[in-house]
>>> print(open('structure.cif').read())   # mmCIF, C-alpha atoms and all ligand atoms
data_data
loop_
_atom_site.label_atom_id
_atom_site.label_comp_id
_atom_site.auth_asym_id
_atom_site.auth_seq_id
_atom_site.Cartn_x
_atom_site.Cartn_y
_atom_site.Cartn_z
CA MET A 18 -6.38 96.45 97.06
CA ARG A 19 -9.65 97.96 98.08
CA SER A 20 -12.21 95.58 99.48
CA VAL A 21 -14.95 94.87 96.99
CA LEU A 22 -17.52 94.88 99.70
CA GLY A 23 -16.13 98.18 100.88
CA SER A 24 -16.37 99.55 97.41
CA ILE A 25 -20.01 98.59 97.20
CA MET A 26 -20.72 100.27 100.47
CA GLY A 27 -18.81 103.25 99.18
CA GLY A 28 -21.28 103.57 96.34
CA THR A 29 -19.95 101.58 93.38
CA THR A 30 -22.77 101.47 90.95
CA GLU A 31 -21.51 99.13 88.23
CA PHE A 32 -23.27 95.88 88.10
CA ALA A 33 -21.51 93.00 86.46
CA GLY A 34 -24.18 90.48 87.31
CA ASN A 35 -22.26 87.35 86.37
CA PHE A 36 -23.59 85.36 89.20
CA VAL A 37 -27.11 86.64 89.19
CA PRO A 38 -29.68 84.47 87.46
CA ARG A 39 -31.14 86.55 84.67
CA ASP A 40 -34.80 86.29 85.51
CA GLU A 41 -34.07 87.29 89.09
CA CYS A 42 -32.26 90.46 88.19
CA VAL A 43 -35.53 92.28 88.14
CA VAL A 44 -35.84 91.88 91.88
CA SER A 45 -33.66 94.44 93.49
CA PHE A 46 -31.78 93.57 96.61
CA PHE A 47 -32.91 96.84 98.09
CA ASP A 48 -36.55 95.73 98.02
CA SER A 49 -35.63 92.57 99.81
CA THR A 50 -38.57 91.61 101.88
CA VAL A 51 -39.92 88.52 100.21
CA CYS A 52 -38.87 85.09 101.35
CA VAL A 53 -37.66 82.79 98.62
CA GLY A 54 -39.09 79.86 100.47
CA THR A 55 -42.62 81.07 101.15
CA GLY A 56 -43.03 83.94 98.78
CA ARG A 57 -44.46 86.11 101.47
CA GLY A 58 -43.08 89.19 103.13
CA VAL A 59 -41.03 88.32 106.14
CA ASP A 60 -41.36 91.50 108.05
CA GLU A 61 -45.02 92.17 107.81
CA GLY A 62 -45.52 91.92 111.50
CA ARG A 63 -46.75 88.38 111.19
CA GLY A 64 -43.81 86.82 112.99
CA PRO A 65 -41.02 84.63 111.67
CA CYS A 66 -41.33 83.25 108.21
CA ALA A 67 -42.35 79.64 107.99
CA CYS A 68 -39.70 78.73 105.45
CA PRO A 69 -36.56 76.82 106.54
CA LEU A 70 -34.34 79.80 105.70
CA VAL A 71 -33.16 82.11 108.40
CA HIS A 72 -34.09 85.73 107.82
CA ARG A 73 -32.16 88.24 109.73
CA SER A 74 -35.11 90.43 110.64
CA ALA A 75 -37.36 87.50 111.37
CA HIS A 76 -34.64 85.90 113.39
CA ARG A 77 -34.09 88.92 115.47
CA GLY A 78 -37.78 89.54 115.65
CA GLN A 79 -37.39 93.19 114.93
CA ALA A 80 -38.19 95.23 111.93
CA GLN A 81 -35.54 97.65 110.88
CA GLY A 82 -37.23 100.33 108.95
CA PRO A 83 -39.78 100.60 106.20
CA LEU A 84 -39.22 97.47 104.22
CA HIS A 85 -42.11 97.82 101.86
CA THR A 86 -41.40 101.20 100.42
CA PRO A 87 -42.11 100.82 96.72
CA ARG A 88 -38.96 101.41 94.81
CA HIS A 89 -38.48 103.26 91.56
CA PRO A 90 -34.81 102.74 90.81
CA LEU A 91 -34.58 105.25 88.02
CA SER A 92 -36.03 108.04 90.05
CA LEU A 93 -33.87 107.44 93.11
CA ARG A 94 -31.27 110.06 93.73
CA LYS A 95 -27.75 108.82 94.19
CA ASP A 96 -27.27 109.54 97.87
CA GLU A 97 -30.67 108.13 98.59
CA GLU A 98 -29.71 104.99 96.72
CA LEU A 99 -26.54 104.74 98.72
CA ARG A 100 -28.35 105.15 101.93
CA GLN A 101 -30.76 102.49 100.91
CA ARG A 102 -28.00 100.15 99.95
CA GLU A 103 -26.36 100.54 103.25
CA ALA A 104 -29.57 100.01 105.04
CA ALA A 105 -30.33 97.00 102.90
CA PHE A 106 -26.94 95.57 103.66
CA HIS A 107 -27.47 95.91 107.33
CA MET A 108 -30.92 94.59 107.05
CA GLY A 109 -30.12 91.62 104.83
CA SER A 110 -30.79 88.13 106.08
CA THR A 111 -28.26 86.29 108.20
CA VAL A 112 -27.71 83.85 105.34
CA GLN A 113 -26.95 86.71 103.01
CA GLU A 114 -24.66 88.26 105.55
CA ASP A 115 -22.96 84.93 106.11
CA ILE A 116 -22.36 84.52 102.40
CA LEU A 117 -21.07 88.05 102.07
CA GLN A 118 -18.75 87.46 104.98
CA GLN A 119 -17.61 84.19 103.49
CA LEU A 120 -16.95 85.99 100.23
CA GLU A 121 -15.02 88.70 101.97
CA ALA A 122 -13.01 86.13 103.95
CA LEU A 123 -12.37 84.15 100.77
CA HIS A 124 -11.24 87.34 99.06
CA ARG A 125 -8.75 88.10 101.76
CA GLU A 126 -7.53 84.55 101.98
CA ALA A 127 -7.16 84.31 98.20
CA GLU A 128 -5.18 87.53 98.14
CA ALA A 129 -2.88 86.29 100.87
CA ALA A 130 -2.44 82.93 99.13
CA LEU A 131 -1.72 84.65 95.85
CA ALA A 132 1.01 86.71 97.48
CA GLN A 133 2.67 83.43 98.46
CA ALA A 134 2.47 81.93 94.98
CA ASN A 135 5.85 82.27 93.34
CA SER A 136 5.75 80.18 90.22
CA SER A 137 3.54 79.56 87.19
CA GLU A 138 2.53 76.21 88.68
CA THR A 139 1.48 77.63 92.02
CA THR A 140 -0.57 80.40 90.42
CA GLN A 141 -2.37 77.82 88.32
CA ALA A 142 -3.11 75.77 91.40
CA TRP A 143 -4.30 78.94 93.10
CA HIS A 144 -6.64 79.68 90.20
CA SER A 145 -8.26 76.27 90.33
CA GLU A 146 -8.63 76.48 94.08
CA TYR A 147 -10.27 79.88 94.22
CA LEU A 148 -11.67 80.71 90.81
CA GLY A 149 -11.93 77.38 89.02
CA ARG A 150 -15.21 75.73 88.07
CA LYS A 151 -14.96 73.57 91.13
CA GLY A 152 -13.24 76.32 93.10
CA ARG A 153 -14.18 77.84 96.36
CA LEU A 154 -15.85 80.97 95.01
CA THR A 155 -18.22 78.87 92.95
CA GLY A 156 -18.67 76.69 96.03
CA ILE A 157 -19.93 79.65 98.04
CA LEU A 158 -22.23 80.74 95.26
CA ARG A 159 -23.90 77.37 95.23
CA ASN A 160 -25.65 78.56 98.35
CA LEU A 161 -27.23 81.40 96.42
CA GLY A 162 -30.41 79.38 96.20
CA SER A 163 -30.84 79.64 99.95
CA LEU A 164 -31.22 83.40 99.63
CA ALA A 165 -34.34 85.35 98.99
CA PRO A 166 -34.49 86.24 95.31
CA GLU A 167 -34.09 89.91 96.13
CA GLU A 168 -30.97 89.14 98.20
CA ARG A 169 -29.20 87.42 95.38
CA PRO A 170 -28.21 90.35 93.18
CA LEU A 171 -26.03 91.94 95.84
CA VAL A 172 -24.33 88.68 96.63
CA GLY A 173 -23.92 88.06 92.90
CA LYS A 174 -22.48 91.50 92.43
CA VAL A 175 -20.08 91.17 95.33
CA ALA A 176 -19.01 87.73 94.16
CA ASN A 177 -18.49 89.00 90.68
CA GLU A 178 -16.46 91.95 91.80
CA ILE A 179 -14.35 89.68 93.96
CA LYS A 180 -13.89 87.43 90.98
CA VAL A 181 -12.87 90.32 88.74
CA ALA A 182 -10.54 91.69 91.41
CA LEU A 183 -8.94 88.31 91.99
CA GLU A 184 -8.53 87.70 88.29
CA GLN A 185 -6.89 91.07 87.97
CA ALA A 186 -4.62 90.28 90.93
CA LEU A 187 -3.79 86.94 89.40
CA GLN A 188 -2.79 88.58 86.15
CA GLU A 189 -0.58 91.04 87.97
CA ARG A 190 0.98 88.27 90.03
CA GLN A 191 1.56 86.13 86.95
CA ALA A 192 3.19 89.02 85.15
CA ALA A 193 5.42 89.69 88.17
CA ILE A 194 6.37 86.01 88.39
CA ALA A 195 7.09 85.81 84.68
CA GLN A 196 9.24 88.92 84.97
CA ALA A 197 11.08 87.47 87.98
CA GLU A 198 11.58 84.15 86.21
CA LEU A 199 12.93 85.96 83.17
CA GLU A 200 15.26 88.02 85.34
CA ALA A 201 16.49 84.89 87.12
CA MET A 202 17.06 83.16 83.79
CA ARG A 203 18.89 86.20 82.46
CA ARG A 204 21.08 86.31 85.52
CA ALA A 205 21.82 82.58 85.33
CA GLU A 206 22.49 82.52 81.62
CA SER A 207 24.10 85.87 81.21
CA VAL A 208 27.38 86.13 79.38
CA ASP A 209 29.87 88.76 80.34
CA VAL A 210 31.20 89.75 76.97
CA THR A 211 33.91 91.85 78.61
CA LEU A 212 35.56 88.81 80.21
CA PRO A 213 38.83 87.79 78.59
CA GLY A 214 38.57 84.69 76.42
CA ARG A 215 39.65 81.29 77.62
CA PRO A 216 43.05 80.35 76.26
CA GLN A 217 42.86 77.57 73.72
CA THR A 218 45.42 74.83 73.92
CA LEU A 219 47.05 74.75 70.55
CA GLY A 220 47.82 71.43 68.98
CA LYS A 221 51.38 70.61 68.01
CA LEU A 222 52.96 68.31 65.54
CA HIS A 223 54.50 65.18 66.96
CA ILE A 224 58.26 65.43 67.36
CA THR A 225 58.84 62.63 64.88
CA THR A 226 56.73 64.46 62.29
CA ARG A 227 58.69 67.64 62.90
CA MET A 228 62.01 65.83 62.58
CA LEU A 229 60.85 64.16 59.38
CA ARG A 230 59.73 67.46 57.87
CA ASP A 231 63.05 69.10 58.79
CA ILE A 232 64.88 66.19 57.14
CA TYR A 233 62.75 66.39 53.99
CA LYS A 234 63.44 70.10 53.71
CA ILE A 235 67.21 69.81 54.11
CA PHE A 236 67.51 66.98 51.61
CA ALA A 237 65.04 68.57 49.18
CA GLU A 238 67.43 71.50 48.90
CA MET A 239 70.13 69.03 47.87
CA GLY A 240 67.90 67.52 45.19
CA PHE A 241 66.61 64.43 47.04
CA GLN A 242 63.06 63.26 46.40
CA VAL A 243 60.89 61.47 48.95
CA TYR A 244 60.40 57.88 47.84
CA GLU A 245 57.78 55.66 49.47
CA SER A 246 58.40 51.99 50.04
CA PRO A 247 56.23 49.22 51.61
CA GLU A 248 56.35 48.30 55.30
CA VAL A 249 55.55 44.65 54.60
CA GLU A 250 58.45 43.21 52.69
CA THR A 251 59.86 39.97 51.38
CA ASP A 252 62.99 38.32 52.67
CA GLU A 253 64.45 38.94 49.24
CA TYR A 254 64.07 42.72 49.36
CA ASN A 255 64.82 43.13 53.05
CA PHE A 256 67.95 40.96 52.96
CA GLN A 257 68.97 39.09 49.79
CA LEU A 258 69.03 41.97 47.30
CA LEU A 259 70.96 43.95 49.90
CA ASN A 260 73.71 41.36 49.83
CA MET A 261 72.47 39.22 52.71
CA PRO A 262 71.68 35.76 51.38
CA PRO A 263 69.90 33.26 53.68
CA GLY A 264 72.17 32.29 56.54
CA HIS A 265 74.31 35.42 56.26
CA PRO A 266 75.54 36.24 59.76
CA ALA A 267 74.82 39.98 59.30
CA ARG A 268 71.11 39.14 59.43
CA ASP A 269 71.56 38.81 63.16
CA MET A 270 71.81 42.60 63.34
CA TRP A 271 68.06 42.73 62.75
CA ASP A 272 65.68 40.72 64.91
CA THR A 273 62.79 40.31 62.54
CA PHE A 274 59.00 40.02 62.79
CA TYR A 275 57.95 37.35 60.27
CA THR A 276 54.37 37.00 59.08
CA THR A 277 52.61 33.63 58.75
CA THR A 278 53.22 33.81 55.00
CA PRO A 279 56.64 32.24 54.30
CA GLY A 280 59.23 34.75 53.11
CA GLN A 281 57.10 37.71 54.17
CA LEU A 282 58.14 40.02 57.00
CA LEU A 283 57.86 43.51 58.43
CA ARG A 284 60.79 45.51 57.14
CA THR A 285 63.53 45.81 59.72
CA HIS A 286 65.02 48.89 58.03
CA THR A 287 64.26 51.26 55.16
CA SER A 288 67.16 49.89 53.08
CA PRO A 289 64.82 47.71 50.92
CA GLY A 290 63.57 51.12 49.67
CA GLN A 291 66.95 51.36 47.90
CA VAL A 292 66.15 48.14 46.06
CA HIS A 293 62.70 49.39 45.00
CA ALA A 294 64.10 52.74 43.84
CA MET A 295 66.97 51.18 41.87
CA ARG A 296 64.70 48.62 40.23
CA GLN A 297 62.24 51.34 39.32
CA TYR A 298 64.73 53.92 37.98
CA ALA A 299 67.69 51.92 36.60
CA PRO A 300 69.68 52.97 34.64
CA GLN A 301 68.67 56.57 35.53
CA PRO A 302 70.62 58.43 38.19
CA ILE A 303 68.87 58.44 41.57
CA ARG A 304 68.70 60.85 44.48
CA VAL A 305 66.03 59.79 46.99
CA ILE A 306 65.29 59.64 50.66
CA VAL A 307 63.02 56.85 51.90
CA PRO A 308 61.23 57.70 55.15
CA GLY A 309 58.96 55.31 57.07
CA LYS A 310 58.31 52.97 59.94
CA VAL A 311 60.42 49.92 60.59
CA TYR A 312 59.85 47.01 62.98
CA ARG A 313 62.23 45.06 65.16
CA TYR A 314 61.55 42.09 67.38
CA GLU A 315 63.31 43.72 70.30
CA GLN A 316 62.74 44.21 73.97
CA VAL A 317 61.39 47.71 74.48
CA THR A 318 63.74 49.77 76.63
CA ALA A 319 64.64 53.43 77.14
CA ARG A 320 66.87 53.15 74.06
CA SER A 321 64.98 50.77 71.79
CA GLU A 322 61.39 50.47 70.56
CA SER A 323 59.90 47.69 68.44
CA MET A 324 58.54 50.27 66.00
CA PHE A 325 60.35 53.44 65.03
CA TYR A 326 61.15 55.56 61.99
CA GLN A 327 64.11 55.57 59.68
CA VAL A 328 65.09 57.78 56.78
CA GLU A 329 67.13 56.05 54.14
CA GLY A 330 69.16 58.00 51.60
CA LEU A 331 70.42 56.83 48.21
CA ALA A 332 72.33 58.51 45.41
CA VAL A 333 73.32 56.51 42.32
CA GLY A 334 75.06 57.92 39.26
CA LYS A 335 78.32 58.16 37.46
CA HIS A 336 81.39 59.41 39.34
CA ILE A 337 79.76 59.54 42.76
CA THR A 338 82.45 59.41 45.44
CA PHE A 339 82.83 59.17 49.17
CA SER A 340 83.53 62.93 49.20
CA ASP A 341 80.01 63.48 47.86
CA LEU A 342 78.66 61.40 50.73
CA LYS A 343 80.69 63.40 53.26
CA GLY A 344 79.68 66.70 51.73
CA VAL A 345 75.96 65.81 51.76
CA LEU A 346 76.07 64.52 55.35
CA MET A 347 78.07 67.49 56.68
CA ASN A 348 75.65 69.88 55.05
CA TYR A 349 72.79 67.96 56.62
CA ALA A 350 74.40 68.00 60.11
CA ASN A 351 75.07 71.73 59.94
CA GLN A 352 71.51 72.49 58.93
CA MET A 353 69.92 70.11 61.39
CA TYR A 354 72.07 70.84 64.46
CA GLY A 355 73.43 74.30 63.65
CA GLU A 356 76.47 75.63 61.77
CA GLY A 357 79.93 74.71 62.93
CA ARG A 358 79.18 71.23 64.27
CA GLU A 359 82.11 68.90 64.36
CA ALA A 360 81.63 65.48 62.81
CA ARG A 361 83.62 62.31 62.67
CA PHE A 362 83.30 59.17 60.54
CA ARG A 363 84.13 55.85 62.13
CA LYS A 364 84.66 52.72 60.10
CA SER A 365 81.80 50.26 60.37
CA TYR A 366 80.23 47.33 58.59
CA PHE A 367 76.99 46.95 56.64
CA PRO A 368 76.57 44.24 54.00
CA PHE A 369 75.06 46.71 51.49
CA THR A 370 77.81 49.37 51.64
CA GLU A 371 81.54 49.18 51.08
CA PRO A 372 83.26 50.99 52.70
CA SER A 373 80.81 51.58 55.57
CA VAL A 374 80.94 54.25 58.24
CA GLU A 375 79.07 55.59 61.20
CA MET A 376 78.79 59.32 61.53
CA ASP A 377 79.03 61.05 64.92
CA ILE A 378 78.56 64.72 65.72
CA ASP A 379 79.79 66.48 68.84
CA CYS A 380 77.15 66.28 71.58
CA VAL A 381 74.63 69.10 71.18
CA ILE A 382 73.65 68.83 74.84
CA CYS A 383 77.05 69.11 76.54
CA ASN A 384 79.30 70.35 73.72
CA ARG A 385 81.65 67.41 74.22
CA LYS A 386 81.99 67.92 77.98
CA GLY A 387 80.24 64.61 78.60
CA CYS A 388 76.63 63.98 79.69
CA PRO A 389 74.18 61.08 80.06
CA ILE A 390 72.81 61.67 76.54
CA CYS A 391 76.22 61.09 74.89
CA LYS A 392 77.08 58.56 77.61
CA TYR A 393 79.99 60.80 78.58
CA THR A 394 81.75 60.27 75.24
CA GLY A 395 81.12 63.81 73.95
CA TRP A 396 79.91 62.33 70.64
CA LEU A 397 76.51 61.36 69.30
CA GLU A 398 76.12 58.68 66.68
CA ILE A 399 73.59 60.02 64.16
CA LEU A 400 73.66 57.63 61.20
CA GLY A 401 75.21 54.75 59.27
CA ALA A 402 76.40 55.25 55.72
CA GLY A 403 78.72 54.03 52.99
CA MET A 404 79.31 53.56 49.29
CA VAL A 405 76.76 51.26 47.71
CA GLN A 406 78.15 47.71 47.54
CA PRO A 407 78.85 46.86 43.84
CA LEU A 408 76.81 43.67 44.17
CA VAL A 409 73.80 45.64 45.32
CA LEU A 410 74.12 47.91 42.27
CA GLN A 411 74.42 44.87 40.07
CA TYR A 412 71.47 42.98 41.65
CA ASN A 413 69.26 45.97 41.08
CA GLY A 414 69.97 47.07 37.53
CA TYR A 415 73.16 49.15 37.57
CA ASP A 416 76.52 48.18 36.09
CA PRO A 417 79.00 48.74 38.95
CA THR A 418 81.83 49.45 36.53
CA GLU A 419 79.91 52.42 35.23
CA PHE A 420 77.83 53.46 38.22
CA SER A 421 78.58 54.18 41.82
CA GLY A 422 76.51 55.48 44.66
CA PHE A 423 76.29 56.25 48.35
CA ALA A 424 73.63 55.39 50.90
CA PHE A 425 72.87 56.33 54.46
CA GLY A 426 70.28 55.49 57.09
CA MET A 427 69.25 57.56 60.12
CA GLY A 428 66.70 57.34 62.94
CA PRO A 429 64.64 60.52 63.45
CA GLU A 430 63.60 59.56 67.01
CA ARG A 431 67.22 58.93 67.98
CA MET A 432 68.13 62.34 66.54
CA ALA A 433 65.23 64.00 68.39
CA LEU A 434 66.37 62.39 71.65
CA GLN A 435 69.77 63.89 71.07
CA LYS A 436 68.55 67.25 69.86
CA TYR A 437 66.05 67.82 72.70
CA GLY A 438 67.80 65.89 75.46
CA ILE A 439 64.94 63.39 75.89
CA ASP A 440 66.11 60.40 77.88
CA ASP A 441 63.62 57.70 76.91
CA ILE A 442 62.49 56.70 73.41
CA ARG A 443 59.29 55.16 74.85
CA TYR A 444 57.83 58.67 75.38
CA PHE A 445 57.46 58.99 71.62
CA TYR A 446 54.61 56.52 71.25
CA SER A 447 53.10 56.34 74.73
CA ASN A 448 50.72 59.21 73.87
CA ASP A 449 51.80 61.45 76.73
CA VAL A 450 51.23 65.03 75.57
CA ARG A 451 53.85 66.29 78.01
CA LEU A 452 56.38 65.16 75.44
CA LEU A 453 54.96 67.73 73.02
CA GLU A 454 55.27 70.45 75.64
CA ARG A 455 58.97 69.77 76.02
CA VAL A 456 59.92 70.84 72.54
N1 LIG B 501 69.87 49.88 57.41
C1 LIG B 501 70.79 50.19 58.44
C2 LIG B 501 70.17 49.89 59.77
O1 LIG B 501 69.02 49.67 59.85
C3 LIG B 501 71.13 51.63 58.39
C4 LIG B 501 72.02 51.94 57.23
C5 LIG B 501 73.37 51.89 57.34
C6 LIG B 501 71.44 52.27 56.02
C7 LIG B 501 74.20 52.17 56.28
C8 LIG B 501 72.26 52.55 54.93
C9 LIG B 501 73.63 52.48 55.09
O2 LIG B 501 71.78 52.85 53.76
O3 LIG B 501 74.42 52.75 54.03
O4 LIG B 501 70.90 49.86 60.74
#
>>> encode(input="structure.cif", output="structure tokens", more="lines below")
Ligand code: DAH
Amino acid sequence: MRSVLGSIMGGTTEFAGNFVPRDECVVSFFDSTVCVGTGRGVDEGRGPCACPLVHRSAHRGQAQGPLHTPRHPLSLRKDEELRQREAAFHMGSTVQEDILQQLEALHREAEAALAQANSSETTQAWHSEYLGRKGRLTGILRNLGSLAPEERPLVGKVANEIKVALEQALQERQAAIAQAELEAMRRAESVDVTLPGRPQTLGKLHITTRMLRDIYKIFAEMGFQVYESPEVETDEYNFQLLNMPPGHPARDMWDTFYTTTPGQLLRTHTSPGQVHAMRQYAPQPIRVIVPGKVYRYEQVTARSESMFYQVEGLAVGKHITFSDLKGVLMNYANQMYGEGREARFRKSYFPFTEPSVEMDIDCVICNRKGCPICKYTGWLEILGAGMVQPLVLQYNGYDPTEFSGFAFGMGPERMALQKYGIDDIRYFYSNDVRLLERV
């Protein structure tokens, strides 16, 4: 940037006048010969002025040209004016020169400081320091009163031009900083839309849920409806109506959680669902599956949990035979584990079925070669089943001489363990998502 003082010396003729007291504007700097302090001419050959101000010419004791030439500003030609300005500058008082030098130094310093400012905050601080009401430029101009009235306009003009120049520089700097800040923000917050998206981890249904849905689908095709039955049961429904009166030794097969209400317990199996269904539908024929949670007061191990799922099945009608049971279960095994599975029925005992069986299929993991999942037997036990005990039919609304039925009960977790070769039932409810990744 061009020096303001330089531009004045180079002949700038605008006059902003901000810092020049109005009533003093009439006194031109170029006629500067009258002391502000005494009001008399300082270079009239009468020696130094008596006022406390230091006048350059008086100080040096030498006159520098015709100081009293009457001036007619409008009639002055431009080059003459310039010459006079220059002369006046050189002839100005020491105080005036000092102030002009201070202004020039301030200008340079302010410019340098502004170049260092690199944020909105620092430019604001810069503004208050140099241009603010209590800033340094104003500070210098406070000394204006120590100048002869005719010296003031030039100082005022220079100060004003410095002010304008600095304000202009400030604006440019602020714009540059704002631009840089914007650029930095853009760089920091930019989004590369060409980058490939982040893969989303897809959720998965829990294995038990998937097993249950597969079971529902297979049995739905064979005409079985899903029947819901309570998890909190009575001793009567969980045992007695299933042919297990109090004290019946078969009750030992189910370690039971009892509630504090006498006769109330958490169901140990879904078989009480048979009782509910029969009591609701008798004497209509029934074909239902009863899925849900059951609870056992058991030590939790790799093979047993205290809470797990069961799916009960019940068909009641006229002329239902064991062949129907076999046909339904074989169809189920083929659909669940794949066509061509071998199955075997072993005799068993349940108080609510007669005869009772357990159904095994050939091990889906080792194809009967023997593995830890089938405990090297080559067979997997998948469910218990049988023909509904006549007493159970009778207790629950069906005449056993007219009606017959079959029932079965399976554990979806057990079947999932077998199907997917999972070695520990505790994975199912320990909330470890790695289980979901396995299947
Ligand atoms: N309720 C039996 C249990 O929890 C499973 C069962 C076996 C259910 C035979 C049946 C059945 O309906 O006929 O071990």
>>> atom_distance(input="structure.cif", atom1="atom CA of A:Phe241", atom2="atom CA of A:Val405")
16.6 Å
>>> residues_near_ligand(input="structure.cif", ligand="ligand LIG 501 (chain B)", cutoff="6 Å", atoms="all atoms listed in the file", output="list in words")
His286, Ser288, Glu329, Phe367, Thr370, Gly401, Ala402, Gly403, Ala424, Phe425 and Gly426 of chain A
>>> closest_residue(input="structure.cif", among="A:Met432, A:Val374, A:Val456, A:Cys388", to="A:Met404", atoms="all atoms listed in the file")
A:Val374
>>> atom_distance(input="structure.cif", atom1="atom CA of A:Pro300", atom2="atom CA of A:Phe423")
15.6 Å
>>> atom_distance(input="structure.cif", atom1="atom CA of A:Lys310", atom2="atom CA of A:Asn351")
25.2 Å
>>> closest_residue(input="structure.cif", among="A:Tyr147, A:Phe362, A:Phe274, A:Tyr244", to="A:Ser340", atoms="only C-alpha atoms")
A:Phe362
>>> closest_residue(input="structure.cif", among="A:Pro429, A:Ala237, A:Arg268, A:Gly438", to="A:Cys383", atoms="only C-alpha atoms")
A:Gly438
>>> closest_residue(input="structure.cif", among="A:Ala132, A:Gln141, A:Ala127, A:Pro279", to="A:Ile179", atoms="only C-alpha atoms")
A:Ala127
>>> closest_atom_pairs(input="structure.cif", of="stretch 364-413 of chain A", to="stretch 247-265 of chain A", cutoff="9 Å", atoms="only C-alpha atoms", output="tab-separated table")
residue	atom	partner	partner_atom	distance
A:Pro368	CA	A:Asn260	CA	5.8
A:Phe369	CA	A:Leu259	CA	5.2
A:Thr370	CA	A:Leu259	CA	8.9
A:Gln406	CA	A:Asn260	CA	8.1
A:Leu408	CA	A:Asn260	CA	6.9
A:Val409	CA	A:Leu259	CA	5.6
A:Tyr412	CA	A:Leu258	CA	6.2
A:Asn413	CA	A:Leu258	CA	7.4
>>> closest_residue(input="structure.cif", among="A:Asp379, A:Gly280, A:Val311, A:Met239", to="A:Gly344", atoms="all atoms listed in the file")
A:Met239
>>> axis_aligned_box(input="structure.cif", around="stretch 210-224 of chain A", padding_each_side="8 Å", output="JSON")
{"center_x": 44.7, "center_y": 78.5, "center_z": 72.9, "size_x": 43.1, "size_y": 42.7, "size_z": 30.7}
>>> closest_residue(input="structure.cif", among="A:Arg159, A:Arg215, A:Lys180, A:Arg227", to="A:His144", atoms="all atoms listed in the file")
A:Lys180
>>> residues_around(input="structure.cif", residues="A:Leu410", least_positions_apart="4", cutoff="8 Å", atoms="all atoms listed in the file", output="MDAnalysis selection string")
chainID A and resid 295 405:406 414:417 420:421
>>> residues_around(input="structure.cif", residues="A:Gln435", least_positions_apart="3", cutoff="9 Å", atoms="only C-alpha atoms", output="mmCIF file with C-alpha atoms, in the frame of the given file")
data_model
loop_
_atom_site.group_PDB
_atom_site.id
_atom_site.type_symbol
_atom_site.label_atom_id
_atom_site.label_comp_id
_atom_site.auth_asym_id
_atom_site.auth_seq_id
_atom_site.Cartn_x
_atom_site.Cartn_y
_atom_site.Cartn_z
ATOM 1 C CA CYS A 380 77.150 66.280 71.580
ATOM 2 C CA VAL A 381 74.630 69.100 71.180
ATOM 3 C CA ILE A 382 73.650 68.830 74.840
ATOM 4 C CA ILE A 390 72.810 61.670 76.540
ATOM 5 C CA CYS A 391 76.220 61.090 74.890
ATOM 6 C CA LEU A 397 76.510 61.360 69.300
ATOM 7 C CA ILE A 399 73.590 60.020 64.160
ATOM 8 C CA GLU A 430 63.600 59.560 67.010
ATOM 9 C CA ARG A 431 67.220 58.930 67.980
ATOM 10 C CA MET A 432 68.130 62.340 66.540
ATOM 11 C CA GLY A 438 67.800 65.890 75.460
ATOM 12 C CA ILE A 439 64.940 63.390 75.890
ATOM 13 C CA ASP A 440 66.110 60.400 77.880
#
>>> residues_around(input="structure.cif", residues="A:Glu322", least_positions_apart="4", cutoff="9 Å", atoms="only C-alpha atoms", output="mmCIF file with C-alpha atoms, in the coordinates of the input")
data_model
loop_
_atom_site.group_PDB
_atom_site.id
_atom_site.type_symbol
_atom_site.label_atom_id
_atom_site.label_comp_id
_atom_site.auth_asym_id
_atom_site.auth_seq_id
_atom_site.Cartn_x
_atom_site.Cartn_y
_atom_site.Cartn_z
ATOM 1 C CA TYR A 312 59.850 47.010 62.980
ATOM 2 C CA ARG A 313 62.230 45.060 65.160
ATOM 3 C CA TYR A 314 61.550 42.090 67.380
ATOM 4 C CA GLU A 315 63.310 43.720 70.300
ATOM 5 C CA GLN A 316 62.740 44.210 73.970
ATOM 6 C CA VAL A 317 61.390 47.710 74.480
ATOM 7 C CA THR A 318 63.740 49.770 76.630
ATOM 8 C CA ILE A 442 62.490 56.700 73.410
ATOM 9 C CA ARG A 443 59.290 55.160 74.850
#
>>> residues_around(input="structure.cif", residues="A:Val305", least_positions_apart="2", cutoff="7 Å", atoms="only C-alpha atoms", output="MDAnalysis selection string")
chainID A and resid 241:244 303 307 330:332
>>> build_atoms(input="structure.cif", residues="stretch 310-315 of chain A", atoms="N, CA and C atoms", output="mmCIF file, in the frame of the given file")
data_model
loop_
_atom_site.group_PDB
_atom_site.id
_atom_site.type_symbol
_atom_site.label_atom_id
_atom_site.label_comp_id
_atom_site.auth_asym_id
_atom_site.auth_seq_id
_atom_site.Cartn_x
_atom_site.Cartn_y
_atom_site.Cartn_z
ATOM 1 N N LYS A 310 58.208 53.754 58.707
ATOM 2 C CA LYS A 310 58.310 52.970 59.940
ATOM 3 C C LYS A 310 59.050 51.670 59.675
ATOM 4 N N VAL A 311 59.778 51.233 60.668
ATOM 5 C CA VAL A 311 60.420 49.920 60.590
ATOM 6 C C VAL A 311 60.126 49.172 61.896
ATOM 7 N N TYR A 312 60.274 47.859 61.847
ATOM 8 C CA TYR A 312 59.850 47.010 62.980
ATOM 9 C C TYR A 312 60.969 46.066 63.386
ATOM 10 N N ARG A 313 61.186 45.976 64.677
ATOM 11 C CA ARG A 313 62.230 45.060 65.160
ATOM 12 C C ARG A 313 61.679 44.247 66.335
ATOM 13 N N TYR A 314 61.988 42.980 66.305
ATOM 14 C CA TYR A 314 61.550 42.090 67.380
ATOM 15 C C TYR A 314 62.523 42.243 68.534
ATOM 16 N N GLU A 315 62.345 43.353 69.262
ATOM 17 C CA GLU A 315 63.310 43.720 70.300
ATOM 18 C C GLU A 315 62.601 44.015 71.592
#
